[in-house]
Amino acid sequence: MSDVAEGIGGVIEGALTGRAIEPNHGKSGLDGGEADACRNCGAQPLGSFCQNCGQKTHVHRTLSAIFHDLIHGVLHLDGKFWLTLPLLVFRPGKLTRRYIEGERAKFVSPMAMFLFSVFAMFAVFQMIGLTTPTDLNFDDAAADLRGRAETQVQASEAEIAKLPEGDAQRVRLENDLETANAILARTQSQTVAAGTSAEEDATAGFDLRDLKVNLTGIESLDQGILKKWRDNPGLMLYKLQANGYKFSWLLIPLSIPFVWLVFAWKRRFKAYDHAIFVTYSLSFMSLLFITASLLAMIPDVGGLVALLLVLVPPIHVYKQLRGAYDLSRFSAFWRLMVLSFFIWIVLILFLQALLLIGAF
């Protein structure tokens with residue numbers, strides 16, 4: 001229940017953040033009548049909005065209006081959203097190009113759409129339980145493995161005593177006994193608590209102390225990061241998840257240089273064009289992950305979800321490249337192939353940034 005509440009809070013946070021970036025201005029049409037003078041600044045309005053301060057000329061004074069403003073303000077579901085969403089899904093290149101060329105009032109801005117979709121994605125993940133584990137306990141894991149190995153040793157020894165030498169079943173059981181004894185030897189002295197000696201660490205088959213990292217190239221800093229992961233991996237995973245959506249905007253500046261590289265010789269496309277392209281693309285991917293995670297809750301649709309995640313992203317990027325940059329099929333295709341490789345570099349850089357941020 002707490003996950004659901006936290007998830008709903010995440011959706012509201014994202015909607016309000018997006019709304020703070022792009023408040024509603026310039027909507028046309030009367031809103032129930034005109035006032036003689038603006039209630040806010042006293043100017044004489046010429047229409048449904050005051051031309052001096054922007055306030056509506058008609059002021060609601062009903063309880064239903066409060067709930068309308070609450071739903072509208074939190075979910076940000078106005079006409080611009082419903083006009084932007086179909087274009088983002090089915091004609092992303094056209095949406096990107098029209099926004100770049102100056103059609104702004106009728107569409108939700110890329111950053112507002114990005115913030116809402118990212119926060120909504122992590123909120124849905126929270127509500128359906130798709131989160132990183134934070135209660136890692138390596139001591140319990142080692143004890144469980146050791147207990148199963150001891151049971152296997154006792155059972156194998158009892159069966160071997162009943163069988164004659166050279167029996168095929170006995171040979172198989174002797175092999176199983178050897179494997180179980182090896183596991184038992186590796187786990188019987190394992191302790192993952194603070195203060196475990198180096199000699200004991202050498203016997204641990206899955207101890208985080210065996211890890212080596214070269215995240216920053218600065219040995220003292222890398223060792224400090226690794227120490228925090230060793231001491232409290234559950235906390236570090238939680239921080240990694242929390243920072244994942246708090247710093248998701250880092251994907252935009254990390255991606256822009258790589259998009260610029262595939263258009264470096266086309267001077268008419270500027271960094272701003274690439275920023276709009278990247279931000280709208282990331283917004284769609286977030287909405288796609290929301291859809292896939294909700295579909296995954298339906299039994300026996302795992303194959304469909306996997307197919308959706310494999311096929312839809314490249315098709316969408318291809319369509320957006322063609323429409324936003326007016327490319328031929330071949331030009332869009334080879335850029336898609338190069339960008340598909342660059343995406344992995346961006347994700348690795350983003351993960352490294354999250355690991356570095358989480359260490360402080």
# chains A, B, ... in the order shown; residues from 1 in each chain; ligands from 1
call {"tool": "residues_around", "arguments": {"residues": "Lys80 of chain A", "least_positions_apart": "4", "cutoff": "7 Å", "atoms": "only C-alpha atoms", "output": "list in words"}}
result
Thr84, Lys106, Phe107 and Val108 of chain A
call {"tool": "write_last_selection", "arguments": {"atoms": "all heavy atoms", "output": "PDB file, in the first residue's frame"}}
result
ATOM      1  N   THR A  84      -0.724  16.755 -28.476  1.00  0.00           N
ATOM      2  CA  THR A  84       0.692  16.376 -28.535  1.00  0.00           C
ATOM      3  C   THR A  84       0.876  14.865 -28.521  1.00  0.00           C
ATOM      4  O   THR A  84       1.716  14.324 -29.256  1.00  0.00           O
ATOM      5  CB  THR A  84       1.453  16.991 -27.348  1.00  0.00           C
ATOM      6  OG1 THR A  84       1.235  18.405 -27.313  1.00  0.00           O
ATOM      7  CG2 THR A  84       2.936  16.721 -27.444  1.00  0.00           C
ATOM      8  N   LYS A 106       0.316  25.299 -29.302  1.00  0.00           N
ATOM      9  CA  LYS A 106      -0.629  24.181 -29.390  1.00  0.00           C
ATOM     10  C   LYS A 106      -0.070  22.860 -28.863  1.00  0.00           C
ATOM     11  O   LYS A 106      -0.803  21.883 -28.754  1.00  0.00           O
ATOM     12  CB  LYS A 106      -1.086  24.011 -30.843  1.00  0.00           C
ATOM     13  CG  LYS A 106       0.026  23.656 -31.801  1.00  0.00           C
ATOM     14  CD  LYS A 106      -0.496  23.521 -33.235  1.00  0.00           C
ATOM     15  CE  LYS A 106      -0.952  24.866 -33.769  1.00  0.00           C
ATOM     16  NZ  LYS A 106      -1.303  24.794 -35.202  1.00  0.00           N
ATOM     17  N   PHE A 107       1.234  22.815 -28.543  1.00  0.00           N
ATOM     18  CA  PHE A 107       1.852  21.571 -28.099  1.00  0.00           C
ATOM     19  C   PHE A 107       2.419  21.706 -26.692  1.00  0.00           C
ATOM     20  O   PHE A 107       2.845  22.781 -26.276  1.00  0.00           O
ATOM     21  CB  PHE A 107       2.989  21.163 -29.049  1.00  0.00           C
ATOM     22  CG  PHE A 107       2.558  20.947 -30.460  1.00  0.00           C
ATOM     23  CD1 PHE A 107       3.152  21.645 -31.500  1.00  0.00           C
ATOM     24  CD2 PHE A 107       1.545  20.045 -30.758  1.00  0.00           C
ATOM     25  CE1 PHE A 107       2.757  21.452 -32.805  1.00  0.00           C
ATOM     26  CE2 PHE A 107       1.132  19.849 -32.061  1.00  0.00           C
ATOM     27  CZ  PHE A 107       1.734  20.556 -33.096  1.00  0.00           C
ATOM     28  N   VAL A 108       2.456  20.566 -25.969  1.00  0.00           N
ATOM     29  CA  VAL A 108       3.156  20.514 -24.690  1.00  0.00           C
ATOM     30  C   VAL A 108       4.654  20.568 -24.996  1.00  0.00           C
ATOM     31  O   VAL A 108       5.141  19.862 -25.878  1.00  0.00           O
ATOM     32  CB  VAL A 108       2.827  19.219 -23.925  1.00  0.00           C
ATOM     33  CG1 VAL A 108       3.622  19.152 -22.614  1.00  0.00           C
ATOM     34  CG2 VAL A 108       1.336  19.137 -23.645  1.00  0.00           C
TER      35      VAL A 108
END
call {"tool": "residues_around", "arguments": {"residues": "segment 340-351 of chain A", "least_positions_apart": "3", "cutoff": "7 Å", "atoms": "only C-alpha atoms", "output": "ChimeraX atom specification"}}
result
/A:251,254-255,258,336-337,354-355
call {"tool": "write_last_selection", "arguments": {"atoms": "N, CA and C atoms", "output": "PDB file, in the first residue's frame"}}
result
ATOM      1  N   LEU A 251      20.168  12.508 -19.044  1.00  0.00           N
ATOM      2  CA  LEU A 251      20.161  11.800 -20.318  1.00  0.00           C
ATOM      3  C   LEU A 251      20.120  12.763 -21.498  1.00  0.00           C
ATOM      4  N   LEU A 254      23.659  14.340 -22.081  1.00  0.00           N
ATOM      5  CA  LEU A 254      24.547  13.244 -22.473  1.00  0.00           C
ATOM      6  C   LEU A 254      24.277  12.785 -23.903  1.00  0.00           C
ATOM      7  N   SER A 255      23.041  12.887 -24.343  1.00  0.00           N
ATOM      8  CA  SER A 255      22.658  12.379 -25.665  1.00  0.00           C
ATOM      9  C   SER A 255      22.913  13.375 -26.789  1.00  0.00           C
ATOM     10  N   PHE A 258      26.027  13.115 -29.155  1.00  0.00           N
ATOM     11  CA  PHE A 258      26.051  11.959 -30.041  1.00  0.00           C
ATOM     12  C   PHE A 258      25.104  12.153 -31.226  1.00  0.00           C
ATOM     13  N   LEU A 336      20.164   5.664 -37.677  1.00  0.00           N
ATOM     14  CA  LEU A 336      19.542   4.835 -36.639  1.00  0.00           C
ATOM     15  C   LEU A 336      20.521   3.784 -36.141  1.00  0.00           C
ATOM     16  N   MET A 337      21.252   3.147 -37.050  1.00  0.00           N
ATOM     17  CA  MET A 337      22.217   2.120 -36.658  1.00  0.00           C
ATOM     18  C   MET A 337      23.322   2.713 -35.781  1.00  0.00           C
ATOM     19  N   LEU A 354      25.274   8.053 -11.987  1.00  0.00           N
ATOM     20  CA  LEU A 354      24.429   7.703 -10.836  1.00  0.00           C
ATOM     21  C   LEU A 354      25.235   7.046  -9.739  1.00  0.00           C
ATOM     22  N   LEU A 355      26.178   6.175 -10.099  1.00  0.00           N
ATOM     23  CA  LEU A 355      27.024   5.540  -9.100  1.00  0.00           C
ATOM     24  C   LEU A 355      27.873   6.568  -8.372  1.00  0.00           C
TER      25      LEU A 355
END
call {"tool": "closest_residue", "arguments": {"among": "A:Ala37, A:Val259, A:Cys50, A:Leu287", "to": "Met113 of chain A", "atoms": "only C-alpha atoms"}}
result
A:Leu287
call {"tool": "select_by_dssp", "arguments": {"residues": "segment 236-298 of chain A", "states": "alpha helix (DSSP H)", "output": "PyMOL selection string"}}
result
chain A and resi 236-246+251-261+271-295
call {"tool": "atom_distance", "arguments": {"atom1": "atom CA of Tyr272 of chain A", "atom2": "atom CA of Pro313 of chain A"}}
result
22.3 Å
call {"tool": "residues_around", "arguments": {"residues": "Asn175 of chain A", "least_positions_apart": "6", "cutoff": "12 Å", "atoms": "only C-alpha atoms", "output": "PDB file with all heavy atoms, in the first residue's frame"}}
result
ATOM      1  N   GLN A 152      22.572 -32.091   1.402  1.00  0.00           N
ATOM      2  CA  GLN A 152      22.986 -32.898   0.264  1.00  0.00           C
ATOM      3  C   GLN A 152      24.096 -33.878   0.653  1.00  0.00           C
ATOM      4  O   GLN A 152      24.101 -35.048   0.225  1.00  0.00           O
ATOM      5  CB  GLN A 152      23.478 -31.984  -0.862  1.00  0.00           C
ATOM      6  CG  GLN A 152      23.937 -32.718  -2.118  1.00  0.00           C
ATOM      7  CD  GLN A 152      22.791 -33.447  -2.801  1.00  0.00           C
ATOM      8  OE1 GLN A 152      21.677 -32.946  -2.852  1.00  0.00           O
ATOM      9  NE2 GLN A 152      23.062 -34.642  -3.328  1.00  0.00           N
ATOM     10  N   VAL A 153      25.043 -33.436   1.487  1.00  0.00           N
ATOM     11  CA  VAL A 153      26.138 -34.302   1.930  1.00  0.00           C
ATOM     12  C   VAL A 153      25.596 -35.488   2.719  1.00  0.00           C
ATOM     13  O   VAL A 153      25.969 -36.647   2.490  1.00  0.00           O
ATOM     14  CB  VAL A 153      27.154 -33.499   2.773  1.00  0.00           C
ATOM     15  CG1 VAL A 153      28.113 -34.440   3.505  1.00  0.00           C
ATOM     16  CG2 VAL A 153      27.940 -32.543   1.888  1.00  0.00           C
ATOM     17  N   SER A 156      23.650 -37.925   0.395  1.00  0.00           N
ATOM     18  CA  SER A 156      24.525 -38.669  -0.512  1.00  0.00           C
ATOM     19  C   SER A 156      25.309 -39.738   0.239  1.00  0.00           C
ATOM     20  O   SER A 156      25.472 -40.875  -0.247  1.00  0.00           O
ATOM     21  CB  SER A 156      25.485 -37.703  -1.218  1.00  0.00           C
ATOM     22  OG  SER A 156      24.781 -36.785  -2.018  1.00  0.00           O
ATOM     23  N   GLU A 157      25.831 -39.388   1.410  1.00  0.00           N
ATOM     24  CA  GLU A 157      26.591 -40.363   2.197  1.00  0.00           C
ATOM     25  C   GLU A 157      25.721 -41.554   2.591  1.00  0.00           C
ATOM     26  O   GLU A 157      26.175 -42.719   2.566  1.00  0.00           O
ATOM     27  CB  GLU A 157      27.175 -39.691   3.438  1.00  0.00           C
ATOM     28  CG  GLU A 157      28.323 -38.741   3.133  1.00  0.00           C
ATOM     29  CD  GLU A 157      28.828 -38.046   4.382  1.00  0.00           C
ATOM     30  OE1 GLU A 157      28.102 -38.068   5.413  1.00  0.00           O
ATOM     31  OE2 GLU A 157      29.945 -37.483   4.341  1.00  0.00           O
ATOM     32  N   ILE A 160      25.200 -43.711  -0.588  1.00  0.00           N
ATOM     33  CA  ILE A 160      26.434 -44.365  -1.036  1.00  0.00           C
ATOM     34  C   ILE A 160      26.733 -45.599  -0.189  1.00  0.00           C
ATOM     35  O   ILE A 160      27.195 -46.641  -0.689  1.00  0.00           O
ATOM     36  CB  ILE A 160      27.607 -43.372  -0.986  1.00  0.00           C
ATOM     37  CG1 ILE A 160      27.450 -42.321  -2.093  1.00  0.00           C
ATOM     38  CG2 ILE A 160      28.955 -44.080  -1.116  1.00  0.00           C
ATOM     39  CD1 ILE A 160      28.445 -41.193  -2.030  1.00  0.00           C
ATOM     40  N   ALA A 168      26.913 -47.756 -10.939  1.00  0.00           N
ATOM     41  CA  ALA A 168      26.773 -46.484 -11.660  1.00  0.00           C
ATOM     42  C   ALA A 168      26.075 -45.427 -10.809  1.00  0.00           C
ATOM     43  O   ALA A 168      26.447 -44.248 -10.817  1.00  0.00           O
ATOM     44  CB  ALA A 168      26.005 -46.713 -12.970  1.00  0.00           C
ATOM     45  N   GLN A 169      25.055 -45.850 -10.067  1.00  0.00           N
ATOM     46  CA  GLN A 169      24.344 -44.921  -9.197  1.00  0.00           C
ATOM     47  C   GLN A 169      25.264 -44.392  -8.112  1.00  0.00           C
ATOM     48  O   GLN A 169      25.221 -43.212  -7.759  1.00  0.00           O
ATOM     49  CB  GLN A 169      23.137 -45.639  -8.575  1.00  0.00           C
ATOM     50  CG  GLN A 169      22.321 -44.787  -7.604  1.00  0.00           C
ATOM     51  CD  GLN A 169      21.548 -43.675  -8.316  1.00  0.00           C
ATOM     52  OE1 GLN A 169      21.541 -43.599  -9.544  1.00  0.00           O
ATOM     53  NE2 GLN A 169      20.920 -42.805  -7.544  1.00  0.00           N
ATOM     54  N   ASN A 181      30.396 -31.033  -0.968  1.00  0.00           N
ATOM     55  CA  ASN A 181      31.497 -30.761  -0.029  1.00  0.00           C
ATOM     56  C   ASN A 181      32.275 -29.508  -0.427  1.00  0.00           C
ATOM     57  O   ASN A 181      32.728 -28.740   0.423  1.00  0.00           O
ATOM     58  CB  ASN A 181      32.437 -31.968   0.033  1.00  0.00           C
ATOM     59  CG  ASN A 181      31.917 -33.049   0.967  1.00  0.00           C
ATOM     60  OD1 ASN A 181      31.325 -32.749   2.008  1.00  0.00           O
ATOM     61  ND2 ASN A 181      32.120 -34.310   0.602  1.00  0.00           N
ATOM     62  N   ALA A 182      32.439 -29.307  -1.746  1.00  0.00           N
ATOM     63  CA  ALA A 182      33.147 -28.118  -2.218  1.00  0.00           C
ATOM     64  C   ALA A 182      32.364 -26.860  -1.854  1.00  0.00           C
ATOM     65  O   ALA A 182      32.937 -25.852  -1.408  1.00  0.00           O
ATOM     66  CB  ALA A 182      33.361 -28.200  -3.725  1.00  0.00           C
TER      67      ALA A 182
END
call {"tool": "residues_around", "arguments": {"residues": "Gln154 of chain A", "least_positions_apart": "5", "cutoff": "12 Å", "atoms": "only C-alpha atoms", "output": "list in words"}}
result
Gly147, Arg148, Ala149, Glu159, Ile160, Ala161, Leu173, Glu174, Asp176, Leu177, Glu178, Ala180, Asn181 and Leu184 of chain A
call {"tool": "residues_around", "arguments": {"residues": "Lys266 of chain A", "least_positions_apart": "6", "cutoff": "12 Å", "atoms": "only C-alpha atoms", "output": "MDAnalysis selection string"}}
result
chainID A and resid 259:260 273 325:327
call {"tool": "closest_residue", "arguments": {"among": "A:Leu356, A:Thr291, A:Leu309, A:Ala242", "to": "Ser117 of chain A", "atoms": "only C-alpha atoms"}}
result
A:Thr291
call {"tool": "residues_around", "arguments": {"residues": "Gly54 of chain A", "least_positions_apart": "3", "cutoff": "10 Å", "atoms": "only C-alpha atoms", "output": "ChimeraX atom specification"}}
result
/A:25-26,38,40-41,45,48-51,57
call {"tool": "write_last_selection", "arguments": {"atoms": "C-alpha atoms", "output": "tab-separated table (two decimals), in the first residue's frame"}}
result
chain	number	residue	atom	x	y	z
A	25	HIS	CA	-1.48	30.67	-21.01
A	26	GLY	CA	-3.24	31.85	-24.08
A	38	CYS	CA	-9.96	42.56	-13.81
A	40	ASN	CA	-6.50	41.11	-9.96
A	41	CYS	CA	-5.05	44.33	-11.39
A	45	PRO	CA	-10.06	43.20	-20.11
A	48	SER	CA	-11.63	36.11	-21.59
A	49	PHE	CA	-8.19	36.95	-20.18
A	50	CYS	CA	-6.79	40.20	-18.87
A	51	GLN	CA	-4.24	41.56	-21.36
A	57	THR	CA	-11.99	37.52	-16.51
call {"tool": "residues_around", "arguments": {"residues": "Phe122 of chain A", "least_positions_apart": "3", "cutoff": "9 Å", "atoms": "only C-alpha atoms", "output": "list of chain:residue names"}}
result
A:Gly7, A:Gly10, A:Val11, A:Ser117, A:Val118, A:Phe119, A:Phe125, A:Gln126, A:Met127, A:Leu130, A:Thr131, A:Gly244, A:Tyr245, A:Ser286, A:Ile290
call {"tool": "atom_distance", "arguments": {"atom1": "atom CA of Ala264 of chain A", "atom2": "atom CA of Val278 of chain A"}}
result
15.8 Å
call {"tool": "decode", "arguments": {"residues": "segment 333-346 of chain A", "atoms": "all heavy atoms", "output": "short mmCIF file (atom, residue, chain, number, x, y, z; two decimals), in the first residue's frame"}}
result
data_model
loop_
_atom_site.label_atom_id
_atom_site.label_comp_id
_atom_site.auth_asym_id
_atom_site.auth_seq_id
_atom_site.Cartn_x
_atom_site.Cartn_y
_atom_site.Cartn_z
N PHE A 333 18.15 5.42 -41.92
CA PHE A 333 18.49 4.06 -41.46
C PHE A 333 19.91 3.99 -40.92
O PHE A 333 20.14 3.43 -39.84
CB PHE A 333 18.31 3.07 -42.61
CG PHE A 333 18.65 1.65 -42.22
CD1 PHE A 333 17.78 0.90 -41.45
CD2 PHE A 333 19.86 1.08 -42.61
CE1 PHE A 333 18.09 -0.39 -41.08
CE2 PHE A 333 20.19 -0.21 -42.24
CZ PHE A 333 19.30 -0.95 -41.47
N TRP A 334 20.89 4.54 -41.67
CA TRP A 334 22.26 4.41 -41.16
C TRP A 334 22.47 5.24 -39.91
O TRP A 334 23.24 4.85 -39.02
CB TRP A 334 23.28 4.73 -42.25
CG TRP A 334 23.55 6.17 -42.56
CD1 TRP A 334 23.11 6.88 -43.64
CD2 TRP A 334 24.36 7.08 -41.80
NE1 TRP A 334 23.56 8.17 -43.61
CE2 TRP A 334 24.35 8.32 -42.50
CE3 TRP A 334 25.08 6.99 -40.63
CZ2 TRP A 334 25.03 9.45 -42.04
CZ3 TRP A 334 25.77 8.12 -40.17
CH2 TRP A 334 25.74 9.32 -40.86
N ARG A 335 21.79 6.35 -39.79
CA ARG A 335 21.88 7.13 -38.55
C ARG A 335 21.24 6.39 -37.39
O ARG A 335 21.71 6.47 -36.26
CB ARG A 335 21.24 8.50 -38.75
CG ARG A 335 22.09 9.46 -39.57
CD ARG A 335 21.42 10.82 -39.73
NE ARG A 335 22.33 11.78 -40.32
CZ ARG A 335 22.49 11.97 -41.64
NH1 ARG A 335 21.78 11.22 -42.49
NH2 ARG A 335 23.34 12.87 -42.08
N LEU A 336 20.16 5.66 -37.68
CA LEU A 336 19.54 4.84 -36.64
C LEU A 336 20.52 3.78 -36.14
O LEU A 336 20.63 3.55 -34.93
CB LEU A 336 18.29 4.17 -37.19
CG LEU A 336 17.65 3.08 -36.31
CD1 LEU A 336 17.15 3.67 -35.00
CD2 LEU A 336 16.53 2.38 -37.06
N MET A 337 21.25 3.15 -37.05
CA MET A 337 22.22 2.12 -36.66
C MET A 337 23.32 2.71 -35.78
O MET A 337 23.71 2.13 -34.76
CB MET A 337 22.83 1.48 -37.90
CG MET A 337 21.86 0.69 -38.77
SD MET A 337 21.15 -0.75 -37.90
CE MET A 337 19.55 -0.11 -37.40
N VAL A 338 23.82 3.87 -36.17
CA VAL A 338 24.89 4.51 -35.38
C VAL A 338 24.36 4.95 -34.03
O VAL A 338 25.01 4.74 -32.99
CB VAL A 338 25.47 5.71 -36.15
CG1 VAL A 338 26.50 6.45 -35.29
CG2 VAL A 338 26.12 5.24 -37.45
N LEU A 339 23.18 5.55 -34.01
CA LEU A 339 22.60 6.00 -32.75
C LEU A 339 22.28 4.82 -31.83
O LEU A 339 22.35 4.95 -30.60
CB LEU A 339 21.34 6.82 -33.00
CG LEU A 339 21.55 8.22 -33.59
CD1 LEU A 339 20.21 8.90 -33.88
CD2 LEU A 339 22.37 9.09 -32.63
N SER A 340 21.93 3.66 -32.39
CA SER A 340 21.67 2.48 -31.57
C SER A 340 22.91 2.08 -30.78
O SER A 340 22.81 1.62 -29.64
CB SER A 340 21.21 1.32 -32.45
OG SER A 340 20.00 1.64 -33.11
N PHE A 341 24.08 2.26 -31.40
CA PHE A 341 25.33 2.00 -30.69
C PHE A 341 25.61 3.09 -29.66
O PHE A 341 26.02 2.81 -28.53
CB PHE A 341 26.48 1.90 -31.70
CG PHE A 341 27.84 1.82 -31.07
CD1 PHE A 341 28.26 0.66 -30.44
CD2 PHE A 341 28.68 2.92 -31.07
CE1 PHE A 341 29.52 0.58 -29.85
CE2 PHE A 341 29.94 2.86 -30.49
CZ PHE A 341 30.36 1.68 -29.88
N PHE A 342 25.37 4.33 -30.04
CA PHE A 342 25.62 5.45 -29.13
C PHE A 342 24.73 5.38 -27.88
O PHE A 342 25.12 5.85 -26.81
CB PHE A 342 25.39 6.78 -29.84
CG PHE A 342 26.49 7.15 -30.80
CD1 PHE A 342 26.25 8.08 -31.81
CD2 PHE A 342 27.74 6.58 -30.71
CE1 PHE A 342 27.26 8.44 -32.68
CE2 PHE A 342 28.75 6.92 -31.59
CZ PHE A 342 28.51 7.85 -32.59
N ILE A 343 23.53 4.83 -28.04
CA ILE A 343 22.60 4.75 -26.90
C ILE A 343 23.22 3.97 -25.76
O ILE A 343 23.08 4.34 -24.58
CB ILE A 343 21.26 4.11 -27.35
CG1 ILE A 343 20.46 5.12 -28.18
CG2 ILE A 343 20.45 3.65 -26.14
CD1 ILE A 343 19.23 4.53 -28.84
N TRP A 344 23.93 2.88 -26.09
CA TRP A 344 24.58 2.08 -25.04
C TRP A 344 25.67 2.88 -24.34
O TRP A 344 25.85 2.76 -23.13
CB TRP A 344 25.14 0.79 -25.63
CG TRP A 344 24.07 -0.16 -26.04
CD1 TRP A 344 23.65 -0.45 -27.31
CD2 TRP A 344 23.24 -0.94 -25.17
NE1 TRP A 344 22.62 -1.36 -27.29
CE2 TRP A 344 22.35 -1.68 -25.98
CE3 TRP A 344 23.16 -1.09 -23.79
CZ2 TRP A 344 21.40 -2.56 -25.46
CZ3 TRP A 344 22.22 -1.97 -23.26
CH2 TRP A 344 21.35 -2.69 -24.09
N ILE A 345 26.39 3.69 -25.08
CA ILE A 345 27.41 4.54 -24.47
C ILE A 345 26.77 5.54 -23.51
O ILE A 345 27.24 5.77 -22.39
CB ILE A 345 28.22 5.28 -25.55
CG1 ILE A 345 28.93 4.28 -26.47
CG2 ILE A 345 29.22 6.24 -24.93
CD1 ILE A 345 29.70 4.92 -27.60
N VAL A 346 25.66 6.14 -23.95
CA VAL A 346 24.94 7.10 -23.10
C VAL A 346 24.45 6.43 -21.82
O VAL A 346 24.58 6.99 -20.72
CB VAL A 346 23.77 7.73 -23.87
CG1 VAL A 346 22.88 8.55 -22.94
CG2 VAL A 346 24.28 8.61 -25.00
#
